[in-house]
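Here is the file coords01.tsv (TSV, C-alpha atoms).
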chain	number	residue	atom	x	y	z
A	1430	MET	CA	0.00	0.00	0.00
A	1431	LYS	CA	2.40	2.66	-1.26
A	1432	ILE	CA	1.79	6.40	-1.16
A	1433	ARG	CA	1.32	7.56	-4.76
A	1434	LYS	CA	0.27	11.21	-4.45
A	1435	LEU	CA	0.25	13.95	-1.81
A	1436	GLU	CA	-1.82	17.09	-2.42
A	1437	THR	CA	-2.09	20.22	-0.27
A	1438	PHE	CA	-4.98	22.70	-0.26
A	1439	THR	CA	-4.25	25.81	1.78
A	1440	ASN	CA	-4.84	29.42	2.62
A	1441	GLU	CA	-2.94	31.52	5.13
A	1442	TYR	CA	-4.77	30.06	8.10
A	1443	VAL	CA	-5.51	26.40	7.47
A	1444	GLY	CA	-4.46	23.65	5.09
A	1445	PHE	CA	-5.49	20.09	4.28
A	1446	VAL	CA	-3.59	17.14	2.85
A	1447	ARG	CA	-5.08	14.49	0.59
A	1448	LEU	CA	-3.07	11.29	0.52
A	1449	THR	CA	-3.70	8.87	-2.37
A	1450	ALA	CA	-2.38	5.32	-2.22
A	1451	GLU	CA	-1.43	3.19	-5.23
A	1452	ASP	CA	-4.86	1.51	-5.29
A	1453	GLY	CA	-6.65	4.90	-5.41
A	1454	SER	CA	-7.66	4.92	-1.74
A	1455	ILE	CA	-7.55	8.37	-0.17
A	1456	GLY	CA	-7.27	9.91	3.27
A	1457	TRP	CA	-7.64	13.48	4.50
A	1458	GLY	CA	-5.36	15.12	7.04
A	1459	GLN	CA	-4.55	18.63	8.15
A	1460	LEU	CA	-1.44	20.76	8.41
A	1461	SER	CA	-1.19	22.84	11.55
A	1462	THR	CA	-3.11	26.09	11.50
A	1463	TYR	CA	-1.65	29.59	10.92
A	1464	ASN	CA	0.85	30.27	8.15
A	1465	SER	CA	-0.44	27.07	6.62
A	1466	ASP	CA	0.59	28.26	3.17
A	1467	ILE	CA	4.20	28.29	4.38
A	1468	THR	CA	3.73	24.92	6.05
A	1469	ALA	CA	2.40	23.49	2.78
A	1470	THR	CA	5.62	24.49	1.03
A	1471	VAL	CA	7.62	22.77	3.76
A	1472	PHE	CA	5.38	19.73	3.30
A	1473	GLN	CA	5.90	19.52	-0.45
A	1474	ARG	CA	9.67	20.08	-0.28
A	1475	GLN	CA	10.68	18.28	2.90
A	1476	ILE	CA	7.95	15.74	3.74
A	1477	ALA	CA	6.49	14.51	0.45
A	1478	PRO	CA	9.81	13.50	-1.19
A	1479	TRP	CA	10.53	11.05	1.65
A	1480	ALA	CA	6.95	9.75	1.83
A	1481	LEU	CA	6.17	9.02	-1.82
A	1482	GLY	CA	6.55	5.34	-2.62
A	1483	ARG	CA	6.58	4.36	1.06
A	1484	SER	CA	4.03	2.12	2.74
A	1485	VAL	CA	1.18	4.00	4.39
A	1486	LEU	CA	0.91	1.10	6.86
A	1487	HIS	CA	4.44	1.58	8.24
A	1488	LEU	CA	3.79	5.09	9.49
A	1489	ASP	CA	5.79	5.06	12.72
A	1490	ALA	CA	9.03	4.17	10.95
A	1491	LEU	CA	8.49	6.85	8.31
A	1492	LEU	CA	7.76	9.53	10.92
A	1493	ARG	CA	10.99	8.65	12.73
A	1494	GLU	CA	12.98	8.75	9.51
A	1495	ILE	CA	11.80	12.09	8.11
A	1496	PRO	CA	13.27	14.25	10.93
A	1497	GLU	CA	16.57	12.38	10.51
A	1498	ARG	CA	16.56	13.01	6.76
A	1499	GLU	CA	15.82	16.67	7.50
A	1500	HIS	CA	18.02	16.93	10.58
A	1501	LYS	CA	19.31	20.36	9.64
A	1502	PHE	CA	15.74	21.67	9.85
A	1503	SER	CA	14.61	20.42	13.24
A	1504	CYS	CA	12.00	23.10	13.85
A	1505	SER	CA	8.31	23.61	14.46
A	1506	TYR	CA	7.45	23.99	10.77
A	1507	LEU	CA	8.78	20.51	9.95
A	1508	TYR	CA	6.51	18.88	12.53
A	1509	ARG	CA	3.53	21.08	11.67
A	1510	ALA	CA	3.94	19.84	8.10
A	1511	MET	CA	4.50	16.22	9.11
A	1512	SER	CA	1.14	16.30	10.90
A	1513	GLY	CA	-0.56	16.49	7.52
A	1514	LEU	CA	1.02	13.22	6.42
A	1515	ASP	CA	0.29	11.45	9.71
A	1516	THR	CA	-3.35	12.47	9.99
A	1517	ALA	CA	-4.09	11.70	6.32
A	1518	ALA	CA	-2.57	8.23	6.74
A	1519	TRP	CA	-4.79	7.50	9.77
A	1520	ASP	CA	-7.87	8.58	7.82
A	1521	LEU	CA	-6.95	6.36	4.88
A	1522	ARG	CA	-6.43	3.36	7.14
A	1523	GLY	CA	-9.73	3.98	8.91
A	1524	ARG	CA	-11.57	4.17	5.60
A	1525	LEU	CA	-9.96	0.93	4.42
A	1526	GLU	CA	-10.80	-0.93	7.63
A	1527	GLY	CA	-14.23	0.66	8.10
A	1528	LYS	CA	-13.32	1.91	11.57
A	1529	PRO	CA	-13.00	5.31	13.25
A	1530	VAL	CA	-9.45	6.31	14.14
A	1531	ALA	CA	-10.36	6.01	17.83
A	1532	ALA	CA	-10.87	2.27	17.27
A	1533	LEU	CA	-7.60	1.94	15.35
A	1534	ILE	CA	-5.68	3.28	18.36
A	1535	GLY	CA	-7.42	1.11	20.94
A	1536	GLY	CA	-10.52	3.12	21.84
A	1537	THR	CA	-14.19	3.33	20.98
A	1538	PRO	CA	-16.62	5.89	19.58
A	1539	GLY	CA	-18.68	7.75	22.16
A	1540	LYS	CA	-19.11	10.94	24.13
A	1541	LEU	CA	-16.63	13.31	25.76
A	1542	ARG	CA	-17.09	16.10	28.25
A	1543	ALA	CA	-15.94	19.41	26.78
A	1544	TYR	CA	-14.86	22.63	28.39
A	1545	ALA	CA	-15.77	25.92	26.72
A	1546	SER	CA	-12.46	27.59	25.89
A	1547	SER	CA	-12.19	31.34	25.40
A	1548	MET	CA	-9.32	32.60	23.26
A	1549	ARG	CA	-9.86	36.29	24.02
A	1550	ARG	CA	-8.06	38.79	26.18
A	1551	ASP	CA	-9.74	41.81	24.57
A	1552	ILE	CA	-12.94	41.08	26.47
A	1553	THR	CA	-14.11	42.58	29.74
A	1554	PRO	CA	-14.96	40.37	32.70
A	1555	GLU	CA	-18.61	41.40	32.33
A	1556	ASP	CA	-18.77	40.37	28.67
A	1557	GLU	CA	-16.96	37.09	29.31
A	1558	VAL	CA	-19.42	36.27	32.08
A	1559	GLU	CA	-22.33	37.05	29.77
A	1560	ARG	CA	-21.21	34.71	27.01
A	1561	PHE	CA	-20.29	31.92	29.43
A	1562	LEU	CA	-23.80	32.06	30.89
A	1563	ARG	CA	-25.28	32.01	27.39
A	1564	LEU	CA	-23.17	28.99	26.40
A	1565	ARG	CA	-24.03	27.17	29.62
A	1566	ASP	CA	-27.73	27.62	28.99
A	1567	ALA	CA	-27.56	26.79	25.27
A	1568	HIS	CA	-25.16	23.85	25.27
A	1569	GLY	CA	-24.90	22.60	28.84
A	1570	PHE	CA	-21.20	23.34	29.39
A	1571	ASP	CA	-20.14	22.83	33.00
A	1572	ALA	CA	-16.46	23.74	32.57
A	1573	PHE	CA	-14.94	26.95	31.21
A	1574	LYS	CA	-11.44	28.26	30.48
A	1575	PHE	CA	-10.51	31.91	30.13
A	1576	ARG	CA	-7.38	34.00	29.68
A	1577	ILE	CA	-5.46	35.80	32.40
A	1578	GLY	CA	-2.35	37.96	32.25
A	1579	SER	CA	-0.93	39.03	28.90
A	1580	GLU	CA	0.57	36.68	26.33
A	1581	CYS	CA	4.34	36.43	27.05
A	1582	GLY	CA	3.58	39.44	29.21
A	1583	HIS	CA	6.57	39.70	31.59
A	1584	ASP	CA	4.16	39.93	34.55
A	1585	ARG	CA	1.94	42.52	32.86
A	1586	ASP	CA	-1.82	42.12	32.67
A	1587	GLU	CA	-3.76	42.78	29.46
A	1588	TRP	CA	-4.93	45.88	31.30
A	1589	GLU	CA	-4.41	46.77	34.93
A	1590	GLY	CA	-6.51	44.72	37.30
A	1591	ARG	CA	-8.17	42.52	34.66
A	1592	THR	CA	-7.00	39.18	36.11
A	1593	GLU	CA	-8.00	40.07	39.67
A	1594	ALA	CA	-11.43	41.14	38.37
A	1595	ILE	CA	-12.29	38.35	35.96
A	1596	VAL	CA	-11.54	35.36	38.18
A	1597	PRO	CA	-13.96	36.14	41.04
A	1598	ALA	CA	-16.54	37.57	38.60
A	1599	ILE	CA	-16.76	34.30	36.66
A	1600	ARG	CA	-16.80	32.18	39.80
A	1601	LYS	CA	-19.60	34.26	41.34
A	1602	ALA	CA	-21.69	34.23	38.16
A	1603	LEU	CA	-21.32	30.51	37.37
A	1604	GLY	CA	-21.42	29.16	40.90
A	1605	SER	CA	-19.40	26.59	42.76
A	1606	ASP	CA	-20.44	23.54	40.72
A	1607	VAL	CA	-18.76	24.70	37.49
A	1608	ALA	CA	-15.11	23.81	36.77
A	1609	LEU	CA	-12.90	26.81	36.00
A	1610	LEU	CA	-9.61	26.72	34.11
A	1611	VAL	CA	-7.28	29.60	33.18
A	1612	ASP	CA	-4.50	30.10	30.64
A	1613	ALA	CA	-1.66	32.56	31.22
A	1614	ASN	CA	0.16	31.92	27.92
A	1615	SER	CA	3.67	32.30	29.37
A	1616	CYS	CA	2.91	35.56	31.18
A	1617	TYR	CA	4.49	35.29	34.59
A	1618	SER	CA	7.70	35.03	36.54
A	1619	PRO	CA	7.57	32.24	39.13
A	1620	ALA	CA	7.00	34.65	42.01
A	1621	ARG	CA	4.09	36.40	40.29
A	1622	ALA	CA	2.66	33.09	39.02
A	1623	ILE	CA	2.61	31.73	42.56
A	1624	GLU	CA	0.93	34.91	43.81
A	1625	VAL	CA	-1.72	34.70	41.08
A	1626	GLY	CA	-2.03	30.95	41.61
A	1627	ARG	CA	-2.96	31.39	45.26
A	1628	MET	CA	-5.70	33.79	44.24
A	1629	LEU	CA	-6.87	31.17	41.72
A	1630	GLU	CA	-6.95	28.51	44.44
A	1631	GLN	CA	-9.04	30.77	46.66
A	1632	ASN	CA	-11.58	31.00	43.83
A	1633	GLY	CA	-11.67	27.27	43.16
A	1634	VAL	CA	-9.80	27.34	39.82
A	1635	GLU	CA	-8.45	23.86	39.13
A	1636	HIS	CA	-6.22	24.27	36.05
A	1637	PHE	CA	-3.44	26.89	35.63
A	1638	GLU	CA	-2.05	26.63	32.10
A	1639	GLU	CA	1.41	27.78	30.98
A	1640	PRO	CA	2.02	30.16	33.91
A	1641	CYS	CA	5.65	30.89	33.00
A	1642	PRO	CA	7.51	31.13	29.68
A	1643	TYR	CA	6.98	27.61	28.35
A	1644	TRP	CA	10.63	27.19	27.39
A	1645	GLU	CA	11.70	27.80	31.03
A	1646	MET	CA	10.70	24.48	32.53
A	1647	GLU	CA	12.50	25.07	35.83
A	1648	GLN	CA	10.34	28.15	36.34
A	1649	THR	CA	7.16	26.20	35.65
A	1650	ARG	CA	8.25	23.42	38.01
A	1651	GLU	CA	8.76	25.99	40.78
A	1652	VAL	CA	5.14	27.04	40.38
A	1653	THR	CA	3.93	23.43	40.20
A	1654	GLN	CA	5.68	22.60	43.45
A	1655	ALA	CA	4.30	25.66	45.24
A	1656	LEU	CA	0.61	25.32	44.38
A	1657	THR	CA	-2.11	22.75	45.05
A	1658	LEU	CA	-4.12	23.34	41.84
A	1659	ASP	CA	-3.00	21.60	38.62
A	1660	VAL	CA	-0.30	23.41	36.67
A	1661	THR	CA	-0.41	22.39	33.01
A	1662	GLY	CA	1.57	22.87	29.81
A	1663	GLY	CA	3.23	21.41	26.74
A	1664	GLU	CA	1.14	22.72	23.85
A	1665	GLN	CA	4.11	24.32	22.08
A	1666	ASP	CA	6.51	21.41	22.43
A	1667	TYR	CA	7.44	19.06	19.58
A	1668	ASP	CA	10.87	17.71	20.59
A	1669	MET	CA	10.74	14.27	22.25
A	1670	GLN	CA	13.85	14.93	24.32
A	1671	HIS	CA	12.15	18.02	25.70
A	1672	TRP	CA	9.03	15.99	26.51
A	1673	GLN	CA	11.10	13.33	28.27
A	1674	ARG	CA	12.79	15.96	30.41
A	1675	MET	CA	9.55	17.82	31.16
A	1676	ILE	CA	7.86	14.65	32.36
A	1677	ALA	CA	10.88	13.31	34.25
A	1678	MET	CA	11.27	16.56	36.21
A	1679	ARG	CA	7.47	16.79	36.71
A	1680	ALA	CA	7.44	20.36	35.50
A	1681	VAL	CA	3.64	20.12	35.18
A	1682	ASP	CA	0.78	18.15	36.71
A	1683	ILE	CA	-1.04	17.65	33.40
A	1684	ILE	CA	0.53	17.35	29.95
A	1685	GLN	CA	-1.03	19.19	27.00
A	1686	PRO	CA	0.39	18.08	23.65
A	1687	ASP	CA	-1.15	19.53	20.49
A	1688	VAL	CA	-1.67	16.85	17.81
A	1689	LEU	CA	-0.80	19.23	14.97
A	1690	TYR	CA	2.09	21.10	16.60
A	1691	LEU	CA	3.68	17.83	17.68
A	1692	GLY	CA	3.72	16.04	14.34
A	1693	GLY	CA	0.51	14.03	14.28
A	1694	MET	CA	-1.36	11.30	16.09
A	1695	ALA	CA	1.44	8.71	16.26
A	1696	ARG	CA	3.83	11.10	18.04
A	1697	THR	CA	1.05	12.38	20.31
A	1698	LEU	CA	0.30	8.81	21.34
A	1699	GLN	CA	3.97	8.43	22.21
A	1700	VAL	CA	3.83	11.50	24.46
A	1701	ALA	CA	0.56	10.33	26.04
A	1702	ARG	CA	2.19	6.99	26.89
A	1703	MET	CA	5.15	8.79	28.45
A	1704	GLY	CA	2.70	10.72	30.59
A	1705	GLU	CA	0.80	7.56	31.50
A	1706	ALA	CA	4.01	5.87	32.67
A	1707	ALA	CA	4.67	8.84	34.95
A	1708	GLY	CA	1.10	8.99	36.25
A	1709	LEU	CA	0.29	12.27	34.50
A	1710	PRO	CA	-3.10	12.95	32.87
A	1711	CYS	CA	-3.21	14.17	29.27
A	1712	THR	CA	-5.56	17.04	28.38
A	1713	PRO	CA	-4.41	18.07	24.89
A	1714	HIS	CA	-4.38	21.56	23.45
A	1715	ALA	CA	-7.06	22.00	20.76
A	1716	ALA	CA	-7.65	25.71	20.38
A	1717	ASN	CA	-9.73	26.01	17.20
A	1718	LEU	CA	-12.43	24.20	15.25
A	1719	GLY	CA	-10.34	23.02	12.35
A	1720	LEU	CA	-9.58	19.31	12.51
A	1721	VAL	CA	-7.32	19.47	15.57
A	1722	THR	CA	-10.34	19.21	17.88
A	1723	LEU	CA	-11.66	16.16	16.03
A	1724	PHE	CA	-8.23	14.51	16.14
A	1725	THR	CA	-8.11	15.19	19.88
A	1726	MET	CA	-11.57	13.71	20.38
A	1727	HIS	CA	-10.44	10.41	18.84
A	1728	LEU	CA	-7.28	10.48	20.96
A	1729	LEU	CA	-9.15	11.05	24.22
A	1730	ARG	CA	-11.51	8.16	23.49
A	1731	ALA	CA	-8.48	5.84	23.34
A	1732	ILE	CA	-5.79	6.78	25.87
A	1733	PRO	CA	-6.04	5.46	29.46
A	1734	ASN	CA	-4.71	8.69	30.99
A	1735	ALA	CA	-7.17	11.00	29.25
A	1736	GLY	CA	-7.86	14.14	31.25
A	1737	LYS	CA	-11.29	15.13	32.48
A	1738	TYR	CA	-12.35	17.04	29.40
A	1739	LEU	CA	-11.76	18.14	25.83
A	1740	GLU	CA	-10.75	21.71	25.00
A	1741	PHE	CA	-13.49	23.20	22.80
A	1742	SER	CA	-13.03	26.67	21.33
A	1743	ILE	CA	-16.05	28.97	21.68
A	1744	GLU	CA	-14.79	31.48	19.11
A	1745	GLY	CA	-16.94	31.96	16.03
A	1746	PRO	CA	-16.68	33.85	12.73
A	1747	ASP	CA	-16.14	37.21	14.41
A	1748	TYR	CA	-12.82	35.93	15.77
A	1749	TYR	CA	-11.90	32.95	13.56
A	1750	PRO	CA	-13.60	33.58	10.20
A	1751	TRP	CA	-11.32	31.02	8.54
A	1752	GLN	CA	-13.12	28.21	10.41
A	1753	GLU	CA	-16.28	28.71	8.39
A	1754	GLY	CA	-17.29	26.30	5.62
A	1755	LEU	CA	-14.44	23.80	6.00
A	1756	PHE	CA	-16.52	20.59	6.04
A	1757	THR	CA	-19.48	19.18	4.20
A	1758	GLU	CA	-21.03	18.30	7.57
A	1759	TYR	CA	-20.19	20.02	10.84
A	1760	PRO	CA	-18.60	17.53	13.28
A	1761	TYR	CA	-18.82	19.58	16.49
A	1762	GLU	CA	-22.33	19.59	17.92
A	1763	VAL	CA	-22.35	20.12	21.71
A	1764	THR	CA	-25.27	18.74	23.72
A	1765	ASP	CA	-25.35	18.69	27.54
A	1766	GLY	CA	-21.72	19.78	27.48
A	1767	MET	CA	-20.72	16.69	25.51
A	1768	VAL	CA	-19.36	16.05	22.02
A	1769	THR	CA	-19.45	12.73	20.18
A	1770	VAL	CA	-16.92	10.64	18.30
A	1771	THR	CA	-19.00	8.80	15.72
A	1772	ASP	CA	-18.44	5.32	14.32
A	1773	ARG	CA	-17.81	6.69	10.81
A	1774	PRO	CA	-14.59	5.39	9.21
A	1775	GLY	CA	-11.41	7.41	9.62
A	1776	TRP	CA	-12.04	10.92	10.92
A	1777	GLY	CA	-15.62	10.73	9.68
A	1778	ILE	CA	-15.49	13.98	7.70
A	1779	GLU	CA	-15.21	15.29	4.16
A	1780	ILE	CA	-13.63	18.61	3.21
A	1781	SER	CA	-15.98	21.05	1.50
A	1782	PRO	CA	-15.51	21.08	-2.31
A	1783	GLU	CA	-16.36	24.80	-2.28
A	1784	TRP	CA	-13.57	25.49	0.19
A	1785	LEU	CA	-11.10	23.36	-1.78
A	1786	ALA	CA	-11.93	25.25	-4.97
A	1787	LYS	CA	-10.84	28.52	-3.36
A	1788	SER	CA	-7.62	27.18	-1.86
A	1789	THR	CA	-4.03	27.20	-3.13
A	1790	TYR	CA	-3.15	23.79	-4.59
A	1791	GLN	CA	0.17	21.93	-4.75
A	1792	GLN	CA	0.94	18.27	-5.39
A	1793	SER	CA	3.73	15.73	-5.41
A	1794	GLU	CA	3.28	12.42	-7.20
A	1795	LEU	CA	5.27	9.22	-7.56
A	1796	ALA	CA	6.83	8.91	-11.00
A	1797	ALA	CA	5.21	6.28	-13.19

Could you write out this file's structure as structure tokens?
Amino acid sequence: MKIRKLETFTNEYVGFVRLTAEDGSIGWGQLSTYNSDITATVFQRQIAPWALGRSVLHLDALLREIPEREHKFSCSYLYRAMSGLDTAAWDLRGRLEGKPVAALIGGTPGKLRAYASSMRRDITPEDEVERFLRLRDAHGFDAFKFRIGSECGHDRDEWEGRTEAIVPAIRKALGSDVALLVDANSCYSPARAIEVGRMLEQNGVEHFEEPCPYWEMEQTREVTQALTLDVTGGEQDYDMQHWQRMIAMRAVDIIQPDVLYLGGMARTLQVARMGEAAGLPCTPHAANLGLVTLFTMHLLRAIPNAGKYLEFSIEGPDYYPWQEGLFTEYPYEVTDGMVTVTDRPGWGIEISPEWLAKSTYQQSELAA
């Protein structure tokens, strides 16, 4: 079952890969979001040449080989591109076997609890409260994540006093039975993160994501050791040596790999197993409604150390207009705070022909 053709369909924000095997079977995958047009070029120049003519069924070996072949380019773009190959191969295999990817990796279709994840810092506490209440009433969410501090903010808030205002406001409005999570996006020094973390604990927040610059693991570990709530991180990380060190030093309480930043499902399973061996739950990063959330849903239905919930972005066309019209059938209905992995083969989706027609197209094909 050799790979015969690899096609990319992209715009600036999102890109898809169509893998065609020698028998004409196809599978759909996705490149990581943002600058996907650049990632598609990396894919066609540095991923496709090594993948064409190789067996789609020997994926793990191929994914180990490609970074070695491209060892002078060990960077995020290489793995963001490799994700397109990996996820397309899983879809093809699922279609051939008539199984969802969740079943291929040892799980089952079914439901998952989701938390409503805000991506915004340009929103007042009052407006964030209002939309959380609306989402709770409309979709039954019982867990919510919101942003504190400023992204890579060197201890600065988005505006003065916002963090100290939004945390108690959301807790008061939603009540004590709702789970609250926050994301600092590398804002704080350890001392300030611990100070903020104690305020979070007083308000019953259970998840403190990326409190310190994510590349400074010793800083994050200092916060983890000082607080009783769960300190989490890992979304940016793609290097396996880095993951091994992070887990060994217990820099975080919960690991958060991103399927598309990391290089695909096979590598994410490897990280999840590392976490499982260390007794760490895995609550992956899935911050938009491209395919990364669907990939994560299949993952969480299969791994034994799955965290308590799935990240589910609440941002719509006003914030992420590029998410609109990607699929022929929307895969993300939320009912009673739950989403569902169906029993459809592969990822269970088709990319919209109308979207594909407007995208930038490139292809690589095995010579006859």

Pick from A:Asp1765, A:Asp1772, A:Glu1664, A:Glu1744: nearest to Gly1569 (chain A), with only C-alpha atoms counted? A:Asp1765

Enter the distance from CA of Trp1457 (chain A) to CA of Ala1701 (chain A), in Å, rounded to one decimal.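 Spanning CA of Trp1457 (chain A) to CA of Ala1701 (chain A) is a straight-line distance of 23.3 Å.
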
Which residues of region 1526-1561 of chain A have any atom within 12 Å of an atom in region 1758-1762 of chain A when counting only C-alpha atoms, and what is the closest pair of atoms for each, with the distance in Å to one decimal? Order the rows by chain and rising number and write it as CSV.
residue,atom,partner,partner_atom,distance
A:Lys1540,CA,A:Glu1762,CA,11.1
A:Leu1541,CA,A:Tyr1761,CA,11.4
A:Ala1543,CA,A:Tyr1761,CA,10.7

Please indicate the distance in Å from CA of Gly1633 (chain A) to CA of Arg1600 (chain A), rounded to one decimal place.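 Separating CA of Gly1633 (chain A) from CA of Arg1600 (chain A) is a distance of 7.9 Å.
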
Option closest in space to Leu1514 (chain A), from A:Ile1534, A:Leu1486, A:Leu1448, A:Leu1755 [counting all atoms listed in the file]: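 Counting all atoms listed in the file, the residue closest to Leu1514 (chain A) is A:Leu1448.
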
Correct to one decimal, the distance CA of Ile1467 (chain A)-CA of Glu1497 (chain A) is 21.1 Å

Produce a table with one row for each residue of region 1459-1572 of chain A that has an atom at most 9 Å from any atom of region 1713-1716 of chain A, each row naming the nearest atom pair and its distance in Å at one decimal; use all atoms listed in the file; arrange rows by chain and rising residue number; format as a Markdown table.
| residue | atom | partner | partner_atom | distance |
| --- | --- | --- | --- | --- |
| A:Ser1546 | CA | A:Ala1716 | CA | 7.6 |
| A:Ser1547 | CA | A:Ala1716 | CA | 8.8 |
| A:Met1548 | CA | A:Ala1716 | CA | 7.7 |

Could you give me, as a PDB file with C-alpha atoms, keeping the file's coordinate frame, the residues that sit within 12 Å of (-15.4, 21.6, 0.7) in the file's coordinates, counting only C-alpha atoms?
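File produced: point01.pdb:
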ATOM      1  CA  PHE A1438      -4.980  22.700  -0.260  1.00  0.00           C
ATOM      2  CA  THR A1439      -4.250  25.810   1.780  1.00  0.00           C
ATOM      3  CA  GLY A1444      -4.460  23.650   5.090  1.00  0.00           C
ATOM      4  CA  PHE A1445      -5.490  20.090   4.280  1.00  0.00           C
ATOM      5  CA  TRP A1457      -7.640  13.480   4.500  1.00  0.00           C
ATOM      6  CA  GLN A1752     -13.120  28.210  10.410  1.00  0.00           C
ATOM      7  CA  GLU A1753     -16.280  28.710   8.390  1.00  0.00           C
ATOM      8  CA  GLY A1754     -17.290  26.300   5.620  1.00  0.00           C
ATOM      9  CA  LEU A1755     -14.440  23.800   6.000  1.00  0.00           C
ATOM     10  CA  PHE A1756     -16.520  20.590   6.040  1.00  0.00           C
ATOM     11  CA  THR A1757     -19.480  19.180   4.200  1.00  0.00           C
ATOM     12  CA  GLU A1758     -21.030  18.300   7.570  1.00  0.00           C
ATOM     13  CA  TYR A1759     -20.190  20.020  10.840  1.00  0.00           C
ATOM     14  CA  ILE A1778     -15.490  13.980   7.700  1.00  0.00           C
ATOM     15  CA  GLU A1779     -15.210  15.290   4.160  1.00  0.00           C
ATOM     16  CA  ILE A1780     -13.630  18.610   3.210  1.00  0.00           C
ATOM     17  CA  SER A1781     -15.980  21.050   1.500  1.00  0.00           C
ATOM     18  CA  PRO A1782     -15.510  21.080  -2.310  1.00  0.00           C
ATOM     19  CA  GLU A1783     -16.360  24.800  -2.280  1.00  0.00           C
ATOM     20  CA  TRP A1784     -13.570  25.490   0.190  1.00  0.00           C
ATOM     21  CA  LEU A1785     -11.100  23.360  -1.780  1.00  0.00           C
ATOM     22  CA  ALA A1786     -11.930  25.250  -4.970  1.00  0.00           C
ATOM     23  CA  LYS A1787     -10.840  28.520  -3.360  1.00  0.00           C
ATOM     24  CA  SER A1788      -7.620  27.180  -1.860  1.00  0.00           C
TER      25      SER A1788
END

Can you report as JSON the centre and edge lengths in Å, to one decimal, of an axis-aligned box around the listed atoms of region 1736-1751 of chain A padded with 4 Å on each side?
{"center_x": -12.4, "center_y": 25.7, "center_z": 20.5, "size_x": 17.1, "size_y": 31.1, "size_z": 31.9}

Would you kindly return, as a VMD selection string, each protein, DNA or RNA residue with an atom no farther than 10 Å from any atom of Cys1581 (chain A), considering only C-alpha atoms and excluding same-chain residues fewer than 4 positions away? chain A and resid 1585 1613 to 1617 1639 to 1643

How about saving the chosen residues, C-alpha atoms kept, as a compact mmCIF listing (two decimals), in the coordinates of the input?
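Contents of out.txt, freshly written:
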# COMPACT_ATOMS: atom_id res chain seq x y z
CA ARG A 1585 1.94 42.52 32.86
CA ALA A 1613 -1.66 32.56 31.22
CA ASN A 1614 0.16 31.92 27.92
CA SER A 1615 3.67 32.30 29.37
CA CYS A 1616 2.91 35.56 31.18
CA TYR A 1617 4.49 35.29 34.59
CA GLU A 1639 1.41 27.78 30.98
CA PRO A 1640 2.02 30.16 33.91
CA CYS A 1641 5.65 30.89 33.00
CA PRO A 1642 7.51 31.13 29.68
CA TYR A 1643 6.98 27.61 28.35

Would you pick out the contacts of Leu1460 (chain A) at 12 Å or less, using all atoms listed in the file, so that residues sharing its chain but fewer than 5 positions from it are not included, and give the list as a PyMOL selection string? chain A and resi 1436-1447+1465-1473+1476+1505-1517+1688-1693+1719-1721

With distances taken over all atoms listed in the file, which of A:Leu1629, A:Arg1621, A:Gly1482, A:His1671 is nearest to Val1652 (chain A)?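 Of the candidates, the smallest distance to Val1652 (chain A) is held by A:Arg1621.
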
Of the candidates A:Ala1706, A:Leu1491, A:Ala1680, A:Leu1533, which one gets nearest to Ala1655 (chain A) if we count all atoms listed in the file? A:Ala1680
